[in-house]
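Asks: Take a look at work.pdb, PDB, C-alpha atoms:
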ATOM      1  CA  GLU P   1     -32.603  34.184   5.390
ATOM      2  CA  ASN P   2     -31.384  36.421   2.560
ATOM      3  CA  GLY P   3     -27.807  35.170   2.849
ATOM      4  CA  GLY P   4     -26.275  31.743   3.023
ATOM      5  CA  PRO P   5     -25.578  29.116   0.382
ATOM      6  CA  PHE P   6     -27.628  29.371  -2.786
ATOM      7  CA  ILE P   7     -27.786  27.337  -5.963
ATOM      8  CA  GLU P   8     -29.138  29.732  -8.560
ATOM      9  CA  GLN P   9     -30.667  27.123 -10.864
ATOM     10  CA  VAL P  10     -31.694  23.500 -10.448
ATOM     11  CA  PHE P  11     -32.510  21.563 -13.615
ATOM     12  CA  TYR P  12     -34.665  18.564 -12.691
ATOM     13  CA  LEU P  13     -33.925  15.981 -15.400
ATOM     14  CA  GLN P  14     -36.560  13.540 -16.575
ATOM     15  CA  SER P  15     -37.327  11.228 -19.478
ATOM     16  CA  TYR P  16     -39.749  12.325 -22.192
ATOM     17  CA  ALA P  17     -43.301  11.508 -21.179
ATOM     18  CA  GLU P  18     -44.033  10.127 -24.659
ATOM     19  CA  GLY P  19     -40.915   7.943 -24.736
ATOM     20  CA  TRP P  20     -39.116   7.461 -28.028
ATOM     21  CA  THR P  21     -41.078   9.054 -30.882
ATOM     22  CA  GLU P  22     -42.118   6.209 -33.223
ATOM     23  CA  GLY P  23     -39.358   4.124 -31.700
ATOM     24  CA  LYS P  24     -36.688   6.466 -33.078
ATOM     25  CA  TRP P  25     -33.685   7.383 -30.948
ATOM     26  CA  GLU P  26     -32.490  10.964 -31.169
ATOM     27  CA  GLU P  27     -30.596  13.241 -28.814
ATOM     28  CA  LYS P  28     -32.657  16.132 -27.531
ATOM     29  CA  VAL P  29     -33.320  18.320 -24.510
ATOM     30  CA  ASP P  30     -36.378  20.500 -23.885
ATOM     31  CA  VAL P  31     -37.991  22.476 -21.086
ATOM     32  CA  ARG P  32     -41.162  20.523 -20.370
ATOM     33  CA  PRO P  33     -43.843  20.330 -17.684
ATOM     34  CA  CYS P  34     -42.745  18.065 -14.856
ATOM     35  CA  VAL P  35     -43.723  14.438 -15.415
ATOM     36  CA  GLU P  36     -43.534  13.839 -11.671
ATOM     37  CA  LYS P  37     -43.771  16.452  -8.960
ATOM     38  CA  PRO P  38     -40.211  17.595  -8.133
ATOM     39  CA  VAL P  39     -39.001  17.091  -4.586
ATOM     40  CA  TYR P  40     -38.703  20.819  -3.894
ATOM     41  CA  ARG P  41     -41.034  23.182  -2.060
ATOM     42  CA  LEU P  42     -41.246  26.941  -1.846
ATOM     43  CA  ASP P  43     -40.567  28.391   1.577
ATOM     44  CA  GLU P  44     -42.001  31.614   2.998
ATOM     45  CA  HIS P  45     -39.143  33.618   1.473
ATOM     46  CA  GLY P  46     -39.725  32.395  -2.078
ATOM     47  CA  TYR P  47     -36.784  29.973  -2.155
ATOM     48  CA  TYR P  48     -36.957  26.297  -3.027
ATOM     49  CA  ARG P  49     -36.015  23.835  -0.298
ATOM     50  CA  GLY P  50     -35.180  20.207  -0.881
ATOM     51  CA  TRP P  51     -32.577  17.536  -0.373
ATOM     52  CA  PHE P  52     -29.088  19.033  -0.739
ATOM     53  CA  TRP P  53     -26.850  16.254   0.633
ATOM     54  CA  GLY P  54     -27.899  16.852   4.245
ATOM     55  CA  TYR P  55     -27.238  20.616   4.297
ATOM     56  CA  PRO P  56     -30.617  22.095   5.286
ATOM     57  CA  GLU P  57     -29.421  25.684   4.919
ATOM     58  CA  THR P  58     -28.913  25.219   1.165
ATOM     59  CA  ARG P  59     -31.685  26.406  -1.105
ATOM     60  CA  THR P  60     -32.266  27.277  -4.757
ATOM     61  CA  LYS P  61     -33.867  30.194  -6.531
ATOM     62  CA  ASN P  62     -35.225  28.369  -9.571
ATOM     63  CA  VAL P  63     -36.321  24.824 -10.409
ATOM     64  CA  THR P  64     -36.919  23.855 -14.042
ATOM     65  CA  CYS P  65     -37.924  20.452 -15.398
ATOM     66  CA  LEU P  66     -35.920  19.327 -18.430
ATOM     67  CA  SER P  67     -36.796  16.319 -20.563
ATOM     68  CA  VAL P  68     -33.559  14.806 -21.817
ATOM     69  CA  GLN P  69     -32.601  11.988 -24.140
ATOM     70  CA  GLY P  70     -28.991  11.478 -25.084
ATOM     71  CA  MET P  71     -25.400  11.768 -23.961
ATOM     72  CA  ALA P  72     -24.232  14.110 -21.217
ATOM     73  CA  SER P  73     -22.673  16.460 -23.776
ATOM     74  CA  ILE P  74     -26.103  17.597 -24.991
ATOM     75  CA  MET P  75     -26.252  19.699 -21.834
ATOM     76  CA  VAL P  76     -23.187  21.777 -22.777
ATOM     77  CA  PRO P  77     -24.934  24.276 -25.115
ATOM     78  CA  LEU P  78     -27.697  24.817 -22.582
ATOM     79  CA  LEU P  79     -25.273  25.420 -19.734
ATOM     80  CA  LEU P  80     -23.013  27.721 -21.773
ATOM     81  CA  ARG P  81     -25.570  29.769 -23.662
ATOM     82  CA  ASN P  82     -29.110  29.236 -22.413
ATOM     83  CA  THR P  83     -28.759  30.156 -18.775
ATOM     84  CA  SER P  84     -27.273  33.137 -16.982
ATOM     85  CA  ALA P  85     -27.040  31.293 -13.662
ATOM     86  CA  ARG P  86     -23.556  31.159 -12.149
ATOM     87  CA  SER P  87     -24.298  28.027 -10.113
ATOM     88  CA  VAL P  88     -26.268  25.143 -11.592
ATOM     89  CA  MET P  89     -27.264  21.747 -10.227
ATOM     90  CA  LEU P  90     -28.345  18.873 -12.484
ATOM     91  CA  ASP P  91     -30.707  16.777 -10.399
ATOM     92  CA  ARG P  92     -31.277  13.161 -11.506
ATOM     93  CA  ALA P  93     -28.365  13.276 -13.943
ATOM     94  CA  GLU P  94     -28.656   9.512 -14.267
ATOM     95  CA  ASN P  95     -31.132  10.283 -17.061
ATOM     96  CA  LEU P  96     -28.112  11.197 -19.215
ATOM     97  CA  LEU P  97     -25.691   8.729 -20.756
ATOM     98  CA  HIS P  98     -21.921   8.942 -20.493
ATOM     99  CA  ASP P  99     -20.592  10.026 -23.917
ATOM    100  CA  GLU P 100     -18.267   7.014 -24.052
ATOM    101  CA  TYR P 101     -20.567   4.670 -22.169
ATOM    102  CA  GLY P 102     -20.452   1.143 -23.540
ATOM    103  CA  GLN P 103     -17.497   1.846 -25.842
ATOM    104  CA  LYS P 104     -14.006   0.352 -25.598
ATOM    105  CA  THR P 105     -12.572   3.465 -23.919
ATOM    106  CA  TYR P 106     -15.268   3.264 -21.266
ATOM    107  CA  TRP P 107     -14.789  -0.443 -20.652
ATOM    108  CA  ASP P 108     -11.001  -0.129 -20.481
ATOM    109  CA  ALA P 109     -11.400   2.497 -17.777
ATOM    110  CA  ARG P 110     -14.120   0.531 -15.989
ATOM    111  CA  ARG P 111     -12.237  -2.773 -16.051
ATOM    112  CA  SER P 112      -9.151  -1.077 -14.648
ATOM    113  CA  MET P 113     -11.139   0.066 -11.595
ATOM    114  CA  VAL P 114     -10.519  -3.136  -9.646
ATOM    115  CA  PHE P 115     -11.905  -3.204  -6.126
ATOM    116  CA  ALA P 116      -9.252  -3.166  -3.379
ATOM    117  CA  ARG P 117      -8.001  -6.609  -2.378
ATOM    118  CA  PRO P 118      -8.901  -6.271   1.349
ATOM    119  CA  LEU P 119     -12.512  -5.446   0.465
ATOM    120  CA  ARG P 120     -12.786  -8.377  -1.920
ATOM    121  CA  ALA P 121     -11.234 -10.683   0.673
ATOM    122  CA  TRP P 122     -13.715  -9.568   3.324
ATOM    123  CA  ALA P 123     -16.636 -10.108   0.966
ATOM    124  CA  ASP P 124     -15.294 -13.503  -0.133
ATOM    125  CA  GLU P 125     -15.021 -14.621   3.488
ATOM    126  CA  PHE P 126     -18.616 -13.549   4.123
ATOM    127  CA  ARG P 127     -19.773 -15.410   1.002
ATOM    128  CA  ALA P 128     -18.056 -18.593   2.116
ATOM    129  CA  GLU P 129     -19.311 -18.435   5.705
ATOM    130  CA  HIS P 130     -22.911 -17.319   5.194
ATOM    131  CA  LEU P 131     -23.815 -18.112   1.575
ATOM    132  CA  ASN P 132     -21.862 -21.305   0.796
ATOM    133  CA  SER P 133     -20.168 -19.444  -2.057
ATOM    134  CA  THR P 134     -16.559 -19.659  -3.277
ATOM    135  CA  ASP P 135     -14.910 -18.752  -6.568
ATOM    136  CA  ALA P 136     -14.059 -22.392  -7.260
ATOM    137  CA  THR P 137     -17.615 -23.695  -6.851
ATOM    138  CA  ASP P 138     -19.199 -20.613  -8.422
ATOM    139  CA  LYS P 139     -16.815 -20.564 -11.429
ATOM    140  CA  THR P 140     -16.150 -16.880 -10.848
ATOM    141  CA  PHE P 141     -12.520 -16.728 -11.879
ATOM    142  CA  PHE P 142     -10.659 -13.491 -11.250
ATOM    143  CA  GLN P 143      -7.368 -12.022 -12.431
ATOM    144  CA  GLU P 144      -5.601  -9.325 -10.424
ATOM    145  CA  ASP P 145      -4.317  -7.805 -13.669
ATOM    146  CA  TRP P 146      -7.458  -6.401 -15.284
ATOM    147  CA  ARG P 147      -5.819  -6.596 -18.714
ATOM    148  CA  LYS P 148      -5.796 -10.401 -18.404
ATOM    149  CA  MET P 149      -9.374 -10.597 -17.134
ATOM    150  CA  ARG P 150     -11.322 -11.876 -20.118
ATOM    151  CA  VAL P 151     -14.003 -14.484 -19.477
ATOM    152  CA  LYS P 152     -16.420 -16.107 -21.884
ATOM    153  CA  VAL P 153     -20.038 -15.077 -21.307
ATOM    154  CA  GLY P 154     -21.951 -17.758 -19.420
ATOM    155  CA  THR P 155     -18.877 -19.238 -17.743
ATOM    156  CA  ALA P 156     -19.775 -17.998 -14.242
ATOM    157  CA  THR P 157     -22.600 -19.781 -12.416
ATOM    158  CA  GLY P 158     -22.557 -17.856  -9.125
ATOM    159  CA  GLY P 159     -23.222 -18.869  -5.547
ATOM    160  CA  PRO P 160     -26.393 -20.659  -4.394
ATOM    161  CA  TYR P 161     -28.209 -17.483  -3.429
ATOM    162  CA  LEU P 162     -30.286 -14.693  -4.888
ATOM    163  CA  ALA P 163     -29.001 -11.122  -4.519
ATOM    164  CA  ALA P 164     -31.078  -7.962  -4.522
ATOM    165  CA  HIS P 165     -30.351  -4.267  -4.360
ATOM    166  CA  LEU P 166     -33.415  -2.608  -2.887
ATOM    167  CA  ARG P 167     -33.022   1.159  -3.066
ATOM    168  CA  ARG P 168     -35.160   3.231  -0.671
ATOM    169  CA  LYS P 169     -34.762   6.722   0.852
ATOM    170  CA  ASP P 170     -34.802   9.504  -1.764
ATOM    171  CA  PHE P 171     -35.875   7.008  -4.472
ATOM    172  CA  LEU P 172     -39.197   6.662  -2.664
ATOM    173  CA  TYR P 173     -40.127  10.112  -3.937
ATOM    174  CA  GLY P 174     -37.524  10.862  -6.631
ATOM    175  CA  HIS P 175     -38.395   7.653  -8.534
ATOM    176  CA  SER P 176     -41.593   6.636  -6.793
ATOM    177  CA  GLY P 177     -43.061   4.921  -9.843
ATOM    178  CA  ASP P 178     -40.077   2.593 -10.181
ATOM    179  CA  VAL P 179     -39.678   1.513  -6.555
ATOM    180  CA  PRO P 180     -41.830  -1.314  -5.188
ATOM    181  CA  SER P 181     -43.420  -1.471  -1.795
ATOM    182  CA  LEU P 182     -41.681  -3.810   0.632
ATOM    183  CA  GLU P 183     -44.476  -6.337   0.307
ATOM    184  CA  ALA P 184     -44.235  -6.321  -3.489
ATOM    185  CA  ALA P 185     -40.433  -6.614  -3.345
ATOM    186  CA  ALA P 186     -40.688  -9.536  -0.910
ATOM    187  CA  ASN P 187     -43.227 -11.274  -3.168
ATOM    188  CA  THR P 188     -40.890 -10.885  -6.133
ATOM    189  CA  LEU P 189     -37.964 -12.326  -4.169
ATOM    190  CA  HIS P 190     -40.013 -15.259  -2.866
ATOM    191  CA  ARG P 191     -41.098 -16.042  -6.431
ATOM    192  CA  LEU P 192     -37.531 -15.901  -7.727
ATOM    193  CA  MET P 193     -36.161 -18.075  -4.904
ATOM    194  CA  LYS P 194     -38.808 -20.689  -5.635
ATOM    195  CA  GLN P 195     -38.294 -20.482  -9.388
ATOM    196  CA  LEU P 196     -34.493 -20.698  -9.140
ATOM    197  CA  LYS P 197     -34.489 -23.143  -6.199
ATOM    198  CA  LEU P 198     -32.288 -20.865  -4.102
ATOM    199  CA  PRO P 199     -32.486 -21.053  -0.285
ATOM    200  CA  ARG P 200     -31.308 -17.543   0.621
ATOM    201  CA  VAL P 201     -31.428 -13.970  -0.592
ATOM    202  CA  PHE P 202     -28.691 -11.452   0.136
ATOM    203  CA  ILE P 203     -30.073  -7.915   0.333
ATOM    204  CA  ALA P 204     -28.139  -4.688  -0.126
ATOM    205  CA  THR P 205     -30.228  -1.716   0.923
ATOM    206  CA  ASP P 206     -29.692   1.849   2.080
ATOM    207  CA  ALA P 207     -31.351   1.515   5.460
ATOM    208  CA  ASP P 208     -29.397   3.246   8.241
ATOM    209  CA  GLN P 209     -27.225   1.109  10.505
ATOM    210  CA  ASP P 210     -28.993   2.357  13.620
ATOM    211  CA  ASP P 211     -32.278   1.030  12.243
ATOM    212  CA  LEU P 212     -31.094  -2.521  11.669
ATOM    213  CA  ARG P 213     -32.126  -4.192  14.910
ATOM    214  CA  VAL P 214     -31.265  -7.600  16.228
ATOM    215  CA  CYS P 215     -33.332 -10.265  14.523
ATOM    216  CA  ALA P 216     -35.168 -11.083  17.760
ATOM    217  CA  GLY P 217     -36.812 -14.189  16.402
ATOM    218  CA  LEU P 218     -38.185 -12.514  13.285
ATOM    219  CA  VAL P 219     -35.862 -14.389  10.968
ATOM    220  CA  ASP P 220     -33.876 -17.585  10.952
ATOM    221  CA  ARG P 221     -30.304 -18.187  12.076
ATOM    222  CA  HIS P 222     -28.881 -17.064   8.714
ATOM    223  CA  CYS P 223     -29.967 -13.464   9.299
ATOM    224  CA  GLU P 224     -27.134 -10.965   9.473
ATOM    225  CA  ARG P 225     -27.339  -7.200   9.572
ATOM    226  CA  SER P 226     -26.038  -4.531   7.239
ATOM    227  CA  ASN P 227     -25.857  -0.791   6.966
ATOM    228  CA  ALA P 228     -25.249  -1.209   3.241
ATOM    229  CA  THR P 229     -24.941   2.183   1.547
ATOM    230  CA  ARG P 230     -25.910   5.354   3.390
ATOM    231  CA  GLU P 231     -27.289   7.483   0.622
ATOM    232  CA  ALA P 232     -29.406  10.595   0.977
ATOM    233  CA  ARG P 233     -30.453  10.571   4.627
ATOM    234  CA  SER P 234     -33.715  12.294   3.892
ATOM    235  CA  LEU P 235     -36.411  10.345   5.706
ATOM    236  CA  THR P 236     -36.875   9.689   9.386
ATOM    237  CA  PRO P 237     -35.044   6.833  11.153
ATOM    238  CA  GLU P 238     -38.345   5.682  12.604
ATOM    239  CA  LEU P 239     -39.671   4.977   9.110
ATOM    240  CA  PHE P 240     -36.648   2.968   8.048
ATOM    241  CA  GLY P 241     -36.530   1.043  11.299
ATOM    242  CA  ALA P 242     -40.108  -0.009  10.595
ATOM    243  CA  GLU P 243     -39.279  -0.844   6.986
ATOM    244  CA  VAL P 244     -36.388  -3.103   7.888
ATOM    245  CA  ARG P 245     -38.406  -4.900  10.539
ATOM    246  CA  GLU P 246     -41.209  -5.403   8.021
ATOM    247  CA  LEU P 247     -38.802  -6.705   5.397
ATOM    248  CA  ARG P 248     -37.326  -9.194   7.850
ATOM    249  CA  THR P 249     -40.773 -10.446   8.712
ATOM    250  CA  LEU P 250     -41.648 -10.814   5.024
ATOM    251  CA  LEU P 251     -38.336 -12.441   4.103
ATOM    252  CA  PRO P 252     -37.137 -14.977   6.706
ATOM    253  CA  GLN P 253     -34.400 -16.108   4.283
ATOM    254  CA  MET P 254     -32.740 -12.698   4.002
ATOM    255  CA  VAL P 255     -29.026 -12.256   4.680
ATOM    256  CA  HIS P 256     -27.265  -8.919   5.322
ATOM    257  CA  PHE P 257     -23.729  -7.797   5.901
ATOM    258  CA  GLU P 258     -23.055  -5.489   8.834
ATOM    259  CA  PRO P 259     -19.561  -4.373   9.755
ATOM    260  CA  SER P 260     -18.408  -4.020  13.313
ATOM    261  CA  GLN P 261     -17.447  -0.537  14.470
ATOM    262  CA  ALA P 262     -13.779  -1.405  13.930
ATOM    263  CA  GLU P 263     -14.493  -2.637  10.401
ATOM    264  CA  LEU P 264     -16.588   0.414   9.619
ATOM    265  CA  HIS P 265     -13.767   2.649  10.842
ATOM    266  CA  ARG P 266     -11.367   0.735   8.621
ATOM    267  CA  PHE P 267     -13.480   0.455   5.468
ATOM    268  CA  LEU P 268     -15.754   3.526   5.802
ATOM    269  CA  ASP P 269     -19.166   3.673   4.136
ATOM    270  CA  GLY P 270     -17.721   3.469   0.639
ATOM    271  CA  GLY P 271     -15.822   0.303   1.454
ATOM    272  CA  VAL P 272     -18.908  -1.305   2.974
ATOM    273  CA  ALA P 273     -20.847  -0.452  -0.197
ATOM    274  CA  ILE P 274     -18.156  -2.179  -2.282
ATOM    275  CA  ILE P 275     -18.379  -5.285  -0.094
ATOM    276  CA  ASP P 276     -22.135  -5.348  -0.690
ATOM    277  CA  GLN P 277     -21.605  -4.936  -4.436
ATOM    278  CA  TRP P 278     -19.002  -7.709  -4.583
ATOM    279  CA  ILE P 279     -21.340 -10.111  -2.786
ATOM    280  CA  CYS P 280     -24.202  -9.201  -5.140
ATOM    281  CA  ALA P 281     -21.888  -9.612  -8.133
ATOM    282  CA  HIS P 282     -21.272 -13.282  -7.226
ATOM    283  CA  ALA P 283     -24.885 -14.398  -6.778
ATOM    284  CA  ARG P 284     -26.572 -16.971  -9.001
ATOM    285  CA  TYR P 285     -29.103 -14.300  -9.933
ATOM    286  CA  PHE P 286     -29.272 -10.552  -9.323
ATOM    287  CA  ILE P 287     -32.184  -8.126  -9.289
ATOM    288  CA  GLY P 288     -31.640  -4.397  -8.789
ATOM    289  CA  THR P 289     -33.387  -1.056  -8.654
ATOM    290  CA  SER P 290     -34.290   0.942 -11.762
ATOM    291  CA  VAL P 291     -31.856   3.765 -12.734
ATOM    292  CA  SER P 292     -29.724   3.165  -9.651
ATOM    293  CA  THR P 293     -26.000   3.645 -10.244
ATOM    294  CA  PHE P 294     -25.351   1.162  -7.411
ATOM    295  CA  SER P 295     -27.197  -1.505  -9.420
ATOM    296  CA  PHE P 296     -25.439  -0.417 -12.631
ATOM    297  CA  ARG P 297     -22.027  -1.079 -11.076
ATOM    298  CA  ILE P 298     -23.160  -4.587 -10.082
ATOM    299  CA  HIS P 299     -24.300  -5.188 -13.671
ATOM    300  CA  GLU P 300     -20.826  -4.258 -14.868
ATOM    301  CA  GLU P 301     -19.035  -6.467 -12.342
ATOM    302  CA  ARG P 302     -21.177  -9.436 -13.340
ATOM    303  CA  GLU P 303     -20.584  -8.723 -17.018
ATOM    304  CA  ILE P 304     -16.820  -8.691 -16.401
ATOM    305  CA  LEU P 305     -17.024 -11.943 -14.387
ATOM    306  CA  GLY P 306     -18.790 -13.723 -17.260
ATOM    307  CA  PHE P 307     -22.360 -14.227 -16.047
ATOM    308  CA  ASP P 308     -25.239 -15.010 -18.372
ATOM    309  CA  PRO P 309     -26.897 -11.615 -18.962
ATOM    310  CA  ARG P 310     -30.288 -13.123 -18.146
ATOM    311  CA  SER P 311     -29.106 -13.562 -14.564
ATOM    312  CA  THR P 312     -27.881  -9.974 -14.315
ATOM    313  CA  TYR P 313     -30.034  -7.388 -16.074
ATOM    314  CA  ASN P 314     -33.138  -7.533 -13.922
ATOM    315  CA  ARG P 315     -34.903  -4.930 -11.832
ATOM    316  CA  PHE P 316     -37.854  -4.594  -9.476
ATOM    317  CA  CYS P 317     -41.030  -3.198 -10.984
ATOM    318  CA  GLY P 318     -42.989  -0.452  -9.295
ATOM    319  CA  ASP P 319     -46.298  -1.499  -7.777
ATOM    320  CA  ALA P 320     -48.289   0.096 -10.620
ATOM    321  CA  GLU P 321     -46.058  -1.284 -13.384
ATOM    322  CA  VAL P 322     -46.972  -4.375 -15.386
ATOM    323  CA  ASN P 323     -44.140  -6.152 -17.197
ATOM    324  CA  CYS P 324     -41.836  -3.184 -16.631
ATOM    325  CA  GLU P 325     -38.927  -2.569 -18.987
ATOM    326  CA  GLN P 326     -35.792  -4.341 -17.822
ATOM    327  CA  PRO P 327     -32.255  -2.888 -17.887
ATOM    328  CA  THR P 328     -30.334  -2.754 -21.153
ATOM    329  CA  ARG P 329     -27.339  -5.026 -21.493
ATOM    330  CA  TRP P 330     -24.013  -3.321 -22.168
ATOM    331  CA  LYS P 331     -21.512  -5.938 -23.366
ATOM    332  CA  VAL P 332     -17.846  -5.628 -22.496
ATOM    333  CA  ILE P 333     -15.796  -4.429 -25.458
ATOM    334  CA  TYR P 334     -12.197  -5.588 -25.288
TER
END
Could you spell out this file's structure in structure tokens?
Replies:
Amino acid sequence: ENGGPFIEQVFYLQSYAEGWTEGKWEEKVDVRPCVEKPVYRLDEHGYYRGWFWGYPETRTKNVTCLSVQGMASIMVPLLLRNTSARSVMLDRAENLLHDEYGQKTYWDARRSMVFARPLRAWADEFRAEHLNSTDATDKTFFQEDWRKMRVKVGTATGGPYLAAHLRRKDFLYGHSGDVPSLEAAANTLHRLMKQLKLPRVFIATDADQDDLRVCAGLVDRHCERSNATREARSLTPELFGAEVRELRTLLPQMVHFEPSQAELHRFLDGGVAIIDQWICAHARYFIGTSVSTFSFRIHEEREILGFDPRSTYNRFCGDAEVNCEQPTRWKVIY
């Protein structure tokens, strides 16, 4: 127990509890009391245990909560001068902004990261077969050469379906205030389908493949299955099997993508995640999960494709939130 892999210092990043002071934006970082209880616990040897990418033998010696507001570079002085630790982990680094985020350099790099043609083709075939969605009818025009891909905002209409990214697993405790219960999420999706007159909802979620059971009469004939993205396998399969079954009962109109074993071997988990993102990017309306990088990438794809931002920058509210703050729009800079 005294040997093995250690991370000397974990900085648990969080927003400032008071938000922006008098509405003023400034870059800052401070050691503060934890706004939410960190997902680490002391073991009998005085080490902190937690989620370390599925390696249970990993532990840390120190956990410190840092309130941060600003670009990633504000962490450099702290890491170079204010800690003696030789190994440091920044947990919840999504609280920091990329130094070039939203600028032309960022968007040039982002636009050049075109998804592989076989993955797009697979997703397009699924859209056509299960969601009545094609580029021609959806006005989602695409250029293979990213330098020629420049579409007027509002040009794309999207397929006749709602798309949702419903993040679970480690977000259930790492961002518990931002993640809705399944019932609340289903209510939101039902309301949106009625409001937008859309017959189906495509759901990307991080439930394990083994937990996605055959529909067995719980949903209609449009139900498919998906393993979506396999992030942070931290909770028990039994829980997520129950969650998926509950979601299917609550949402008879839900559609999933599930690869066969041969397709999974060919595309791997990352490829399957891209297929999910491409399908979400072509929906008439998208709603995602707060501070999820998976949802952020869908925002960017939809921005590049020319969707009305009102159909893109939306997120689920936590159960205790009323009129929660919606995602910020980052316009493409050419």
Asks: Would you mind listing, for every residue of region 81-182 of chain P within 6 Å of region 274-285 of chain P, the two atoms forming the shortest contact and the distance between them in Å to one decimal, using all atoms listed in the file, sorted by chain and ascending residue number, as JSON lines?
Replies:
{"residue": "P:Leu119", "atom": "CA", "partner": "P:Ile275", "partner_atom": "CA", "distance": 5.9}
{"residue": "P:Ala123", "atom": "CA", "partner": "P:Ile275", "partner_atom": "CA", "distance": 5.2}
{"residue": "P:Thr157", "atom": "CA", "partner": "P:Arg284", "partner_atom": "CA", "distance": 5.9}
{"residue": "P:Gly158", "atom": "CA", "partner": "P:Arg284", "partner_atom": "CA", "distance": 4.1}
{"residue": "P:Gly159", "atom": "CA", "partner": "P:Ala283", "partner_atom": "CA", "distance": 4.9}
{"residue": "P:Pro160", "atom": "CA", "partner": "P:Arg284", "partner_atom": "CA", "distance": 5.9}
{"residue": "P:Tyr161", "atom": "CA", "partner": "P:Ala283", "partner_atom": "CA", "distance": 5.6}
{"residue": "P:Leu162", "atom": "CA", "partner": "P:Tyr285", "partner_atom": "CA", "distance": 5.2}
{"residue": "P:Ala163", "atom": "CA", "partner": "P:Cys280", "partner_atom": "CA", "distance": 5.2}
Asks: Which residues, written as a PyMOL selection string, have at least one atom at most 12 Å from Arg200 (chain P), with only C-alpha atoms counted and residues fewer than 6 positions away on the same chain left out?
Replies: chain P and resi 127+130-133+159-164+189-190+192-194+219-224+251-256+283-285
Asks: Step by step, work through what the PyMOL selection byres ((chain P and resi 146) around 10) selects in the shown file, and finish by giving those residues as a ChimeraX atom specification.
Replies: /P:108,110-114,142-145,147-150,304
Asks: Can I get the selection written as a compact mmCIF listing (two decimals), keeping the file's coordinate frame, with C-alpha atoms?
Replies:
# COMPACT_ATOMS: atom_id res chain seq x y z
CA ASP P 108 -11.00 -0.13 -20.48
CA ARG P 110 -14.12 0.53 -15.99
CA ARG P 111 -12.24 -2.77 -16.05
CA SER P 112 -9.15 -1.08 -14.65
CA MET P 113 -11.14 0.07 -11.60
CA VAL P 114 -10.52 -3.14 -9.65
CA PHE P 142 -10.66 -13.49 -11.25
CA GLN P 143 -7.37 -12.02 -12.43
CA GLU P 144 -5.60 -9.32 -10.42
CA ASP P 145 -4.32 -7.80 -13.67
CA ARG P 147 -5.82 -6.60 -18.71
CA LYS P 148 -5.80 -10.40 -18.40
CA MET P 149 -9.37 -10.60 -17.13
CA ARG P 150 -11.32 -11.88 -20.12
CA ILE P 304 -16.82 -8.69 -16.40
Asks: How many Å lie between CA of Pro309 (chain P) and CA of Lys331 (chain P), rounded to one decimal?
Replies: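 So the two atoms, CA of Pro309 (chain P) and CA of Lys331 (chain P), lie 9.0 Å apart.
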Asks: Would you compute the distance between CA of Tyr47 (chain P) and CA of Ala85 (chain P)? Give it in Å to one decimal.
Replies: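 Calculated distance between CA of Tyr47 (chain P) and CA of Ala85 (chain P) is 15.1 Å.
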Asks: Padding 6 Å on every side, please: axis-aligned box over the listed atoms of region 288-302 of chain P, centre and edge lengths to one decimal in Å, as lines of an AutoDock Vina configuration file.
Replies:
center_x = -26.7
center_y = -2.8
center_z = -11.1
size_x = 27.3
size_y = 25.2
size_z = 19.5
Asks: Given the file above and the PyMOL selection byres ((chain P and resi 3-19) around 7), which residues are selected, and can you give them as a list of chain:residue names?
Replies: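 Selected by the PyMOL selection byres ((chain P and resi 3-19) around 7) here: P:Glu1, P:Asn2, P:Trp20, P:Thr21, P:Val35, P:Glu57, P:Thr58, P:Arg59, P:Thr60, P:Lys61, P:Asn62, P:Val63, P:Thr64, P:Cys65, P:Leu66, P:Ser67, P:Val68, P:Gln69, P:Ala85, P:Arg86, P:Ser87, P:Val88, P:Met89, P:Leu90, P:Asp91, P:Arg92, P:Ala93, P:Asn95.
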Asks: By how many Å are CA of Phe267 (chain P) and CA of Ile287 (chain P) apart?
Replies: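 Computing the Euclidean distance for CA of Phe267 (chain P) and CA of Ile287 (chain P) yields 25.3 Å.
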Asks: When the PyMOL selection byres ((chain P and resi 316) around 12) is applied to the file above, which residues end up in the set, as a PyMOL selection string?
Replies: chain P and resi 164-167+177-189+192+286-292+295+313-315+317-327
Asks: Let me make sure I understand: among P:Leu80, P:Ala109, P:Ala72, P:Leu264, which one has the smallest atom-to-atom distance to Lys28 (chain P) if we use all atoms listed in the file?
Replies: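 For Lys28 (chain P), the nearest of the given residues is P:Ala72.
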Asks: Using all atoms listed in the file, can you tell me which of P:Glu300, P:Glu263, P:Glu243, P:Asp43 comes closest to Thr312 (chain P)?
Replies: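 Checking each candidate against Thr312 (chain P), we get P:Glu300 as the closest.
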Asks: Name the closest residue to Ser311 (chain P) among the candidates P:Val153, P:Val332, P:Gln261, P:Leu247; distances are taken between atoms, counting only C-alpha atoms.
Replies: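 Closest candidate: P:Val153.
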Asks: Rank nothing, just name the residue among P:Arg81, P:His299, P:Lys37, P:Arg329 nearest to His175 (chain P), using all atoms listed in the file.
Replies: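 Between P:Arg81, P:His299, P:Lys37, P:Arg329, the residue approaching His175 (chain P) most closely is P:Lys37.
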Asks: Would you mind telling me which residue in P:Gly271, P:Ile74, P:Thr328, P:Glu301 lies nearest to Trp122 (chain P) when using only C-alpha atoms?
Replies: P:Gly271
